[in-house]
>>> print(open('data09.pdb').read())   # PDB, C-alpha atoms, pLDDT in the B column
ATOM      1  CA  MET A   1      74.079 101.944  85.479  1.00 93.00           C
ATOM      2  CA  GLN A   2      74.006  98.392  84.192  1.00 96.00           C
ATOM      3  CA  LEU A   3      74.403  95.544  86.680  1.00 97.00           C
ATOM      4  CA  VAL A   4      75.596  92.310  85.090  1.00 97.00           C
ATOM      5  CA  PHE A   5      75.251  89.121  87.110  1.00 96.00           C
ATOM      6  CA  TRP A   6      77.601  86.166  86.595  1.00 93.00           C
ATOM      7  CA  ALA A   7      77.297  82.476  87.520  1.00 89.00           C
ATOM      8  CA  GLY A   8      75.300  81.885  90.718  1.00 88.00           C
ATOM      9  CA  ALA A   9      74.631  85.614  90.995  1.00 91.00           C
ATOM     10  CA  LYS A  10      72.655  85.371  87.760  1.00 93.00           C
ATOM     11  CA  ALA A  11      70.566  82.506  89.132  1.00 92.00           C
ATOM     12  CA  ILE A  12      69.698  84.368  92.327  1.00 93.00           C
ATOM     13  CA  ALA A  13      69.087  87.686  90.557  1.00 94.00           C
ATOM     14  CA  GLY A  14      66.801  85.922  88.104  1.00 94.00           C
ATOM     15  CA  LYS A  15      68.322  87.682  85.114  1.00 96.00           C
ATOM     16  CA  THR A  16      71.588  88.308  83.345  1.00 96.00           C
ATOM     17  CA  SER A  17      71.536  92.070  83.712  1.00 97.00           C
ATOM     18  CA  GLU A  18      69.426  95.079  84.623  1.00 97.00           C
ATOM     19  CA  SER A  19      69.739  98.843  84.395  1.00 96.00           C
ATOM     20  CA  TRP A  20      69.118 101.540  86.987  1.00 96.00           C
ATOM     21  CA  SER A  21      68.976 105.301  86.467  1.00 94.00           C
ATOM     22  CA  VAL A  22      71.219 106.224  89.378  1.00 95.00           C
ATOM     23  CA  GLU A  23      74.487 108.079  89.857  1.00 94.00           C
ATOM     24  CA  THR A  24      76.525 105.558  91.867  1.00 95.00           C
ATOM     25  CA  VAL A  25      77.181 101.825  91.973  1.00 95.00           C
ATOM     26  CA  GLY A  26      76.040 101.779  95.590  1.00 94.00           C
ATOM     27  CA  ALA A  27      72.680 103.280  94.617  1.00 96.00           C
ATOM     28  CA  ALA A  28      72.221 100.668  91.881  1.00 96.00           C
ATOM     29  CA  LEU A  29      72.993  97.807  94.267  1.00 95.00           C
ATOM     30  CA  ARG A  30      70.627  99.175  96.900  1.00 95.00           C
ATOM     31  CA  ALA A  31      67.879  99.628  94.300  1.00 96.00           C
ATOM     32  CA  ALA A  32      68.347  96.057  93.068  1.00 96.00           C
ATOM     33  CA  ALA A  33      68.159  94.698  96.616  1.00 95.00           C
ATOM     34  CA  GLN A  34      65.111  96.784  97.517  1.00 95.00           C
ATOM     35  CA  ALA A  35      63.293  95.751  94.336  1.00 95.00           C
ATOM     36  CA  ARG A  36      63.740  92.083  95.193  1.00 94.00           C
ATOM     37  CA  ARG A  37      63.296  92.060  98.954  1.00 92.00           C
ATOM     38  CA  ASP A  38      64.872  88.612  98.895  1.00 93.00           C
ATOM     39  CA  PRO A  39      67.253  87.546 101.684  1.00 93.00           C
ATOM     40  CA  ARG A  40      69.116  85.328  99.192  1.00 93.00           C
ATOM     41  CA  PHE A  41      69.927  88.374  97.068  1.00 93.00           C
ATOM     42  CA  ASP A  42      71.054  90.304 100.142  1.00 91.00           C
ATOM     43  CA  ARG A  43      73.380  87.422 101.086  1.00 90.00           C
ATOM     44  CA  LEU A  44      74.650  87.325  97.506  1.00 89.00           C
ATOM     45  CA  LEU A  45      75.730  90.970  97.713  1.00 88.00           C
ATOM     46  CA  GLU A  46      77.560  90.239 100.965  1.00 86.00           C
ATOM     47  CA  VAL A  47      79.927  87.791  99.270  1.00 86.00           C
ATOM     48  CA  CYS A  48      80.339  89.124  95.734  1.00 89.00           C
ATOM     49  CA  SER A  49      82.957  91.304  94.143  1.00 90.00           C
ATOM     50  CA  VAL A  50      82.002  94.179  91.864  1.00 93.00           C
ATOM     51  CA  LEU A  51      84.129  94.941  88.839  1.00 93.00           C
ATOM     52  CA  ILE A  52      84.050  98.095  86.729  1.00 92.00           C
ATOM     53  CA  ASP A  53      85.951  97.768  83.459  1.00 84.00           C
ATOM     54  CA  GLY A  54      87.627  94.640  84.856  1.00 86.00           C
ATOM     55  CA  VAL A  55      88.870  96.386  88.003  1.00 89.00           C
ATOM     56  CA  VAL A  56      87.613  95.552  91.494  1.00 91.00           C
ATOM     57  CA  LEU A  57      85.561  98.351  92.975  1.00 91.00           C
ATOM     58  CA  HIS A  58      86.801  99.342  96.444  1.00 87.00           C
ATOM     59  CA  PRO A  59      84.632 100.658  99.297  1.00 79.00           C
ATOM     60  CA  ASP A  60      85.735 104.254  98.892  1.00 85.00           C
ATOM     61  CA  GLN A  61      84.574 104.176  95.266  1.00 90.00           C
ATOM     62  CA  VAL A  62      81.041 102.811  95.737  1.00 90.00           C
ATOM     63  CA  GLU A  63      79.382 106.188  96.231  1.00 94.00           C
ATOM     64  CA  ARG A  64      81.434 108.149  93.697  1.00 93.00           C
ATOM     65  CA  PRO A  65      79.246 109.560  90.914  1.00 94.00           C
ATOM     66  CA  VAL A  66      79.808 107.882  87.562  1.00 89.00           C
ATOM     67  CA  VAL A  67      79.719 109.475  84.142  1.00 86.00           C
ATOM     68  CA  GLY A  68      77.953 107.867  81.206  1.00 85.00           C
ATOM     69  CA  GLN A  69      76.796 104.282  80.957  1.00 87.00           C
ATOM     70  CA  VAL A  70      78.700 102.122  83.442  1.00 92.00           C
ATOM     71  CA  ARG A  71      78.744  98.326  83.497  1.00 95.00           C
ATOM     72  CA  ALA A  72      79.153  96.878  86.991  1.00 95.00           C
ATOM     73  CA  GLU A  73      79.804  93.134  86.965  1.00 96.00           C
ATOM     74  CA  ILE A  74      78.679  91.148  90.015  1.00 94.00           C
ATOM     75  CA  LEU A  75      80.855  88.064  90.583  1.00 91.00           C
ATOM     76  CA  PRO A  76      80.280  85.487  93.300  1.00 87.00           C
ATOM     77  CA  PRO A  77      83.452  84.021  94.879  1.00 81.00           C
ATOM     78  CA  PHE A  78      83.513  80.864  92.776  1.00 67.00           C
ATOM     79  CA  ALA A  79      83.254  82.947  89.570  1.00 48.00           C
ATOM     80  CA  GLY A  80      86.290  85.067  90.364  1.00 48.00           C
ATOM     81  CA  GLY A  81      84.803  87.336  93.005  1.00 46.00           C
ATOM     82  CA  ALA A  82      86.863  87.270  96.186  1.00 48.00           C
ATOM     83  CA  PRO A  83      85.912  90.070  98.537  1.00 48.00           C
ATOM     84  CA  ASP A  84      88.594  91.558 100.681  1.00 50.00           C
ATOM     85  CA  GLY A  85      87.502  93.627 103.588  1.00 45.00           C
ATOM     86  CA  TRP A  86      84.603  95.837 102.721  1.00 42.00           C
ATOM     87  CA  ASN A  87      81.132  95.502 104.034  1.00 42.00           C
ATOM     88  CA  THR A  88      79.414  98.836 104.614  1.00 39.00           C
ATOM     89  CA  VAL A  89      78.598 102.053 102.853  1.00 40.00           C
ATOM     90  CA  GLY A  90      77.497 104.705 105.277  1.00 40.00           C
ATOM     91  CA  ASN A  91      75.275 102.933 107.777  1.00 41.00           C
ATOM     92  CA  GLN A  92      74.043 100.270 105.349  1.00 45.00           C
ATOM     93  CA  ARG A  93      75.439  96.822 104.842  1.00 44.00           C
ATOM     94  CA  LEU A  94      75.896  96.812 101.125  1.00 46.00           C
ATOM     95  CA  MET A  95      78.592  94.558  99.848  1.00 44.00           C
ATOM     96  CA  MET A  96      81.058  91.895 100.755  1.00 43.00           C
ATOM     97  CA  ARG A  97      81.725  90.948 104.308  1.00 39.00           C
ATOM     98  CA  GLU A  98      85.292  90.671 105.478  1.00 33.00           C
ATOM     99  CA  ILE A  99      86.694  87.204 104.977  1.00 27.00           C
TER     100      ILE A  99
END
>>> encode(input="data09.pdb", output="structure tokens")
Amino acid sequence: MQLVFWAGAKAIAGKTSESWSVETVGAALRAAAQARRDPRFDRLLEVCSVLIDGVVLHPDQVERPVVGQVRAEILPPFAGGAPDGWNTVGNQRLMMREI
């Protein structure tokens, strides 16, 4: 799973992209957050959109297993990311608060 960070997300992540050997987008995002242990990164994930092949990933898709190499693009609101209503996966706050 490749996470690609755009605009301000790239600045906070400290890199353009990174790869995780996981089966879901949710697992990759959790791994990235745990590796950093940075409240700024956690806040970033609360307000970003995630795109897979140019399509916004919805909450019910975050834990679906993916096949092959997947590129998940992380876009902050001012770079085209505009979250709409999803904020938890299971019991964990993972992505985008409702706005």
>>> atom_distance(input="data09.pdb", atom1="atom CA of Arg40 of chain A", atom2="atom CA of Glu23 of chain A")
25.2 Å
>>> resolve_selection(input="data09.pdb", expression="the PyMOL selection byres ((chain A and resi 66) around 12)", output="number ranges by chain")
A: 1-2, 21-28, 52, 61-65, 67-72
>>> atom_distance(input="data09.pdb", atom1="atom CA of Asp53 of chain A", atom2="atom CA of Phe5 of chain A")
14.2 Å
>>> atom_distance(input="data09.pdb", atom1="atom CA of Val56 of chain A", atom2="atom CA of Ile74 of chain A")
10.1 Å
>>> residues_around(input="data09.pdb", residues="Ala9 of chain A", least_positions_apart="6", cutoff="9 Å", atoms="all atoms listed in the file", output="list in words")
Lys15, Thr16, Phe41, Leu44, Leu45, Cys48, Ile74, Leu75 and Pro76 of chain A
>>> axis_aligned_box(input="data09.pdb", around="segment 22-41 of chain A", padding_each_side="8 Å", output="JSON")
{"center_x": 70.2, "center_y": 96.7, "center_z": 95.5, "size_x": 29.9, "size_y": 38.8, "size_z": 28.3}
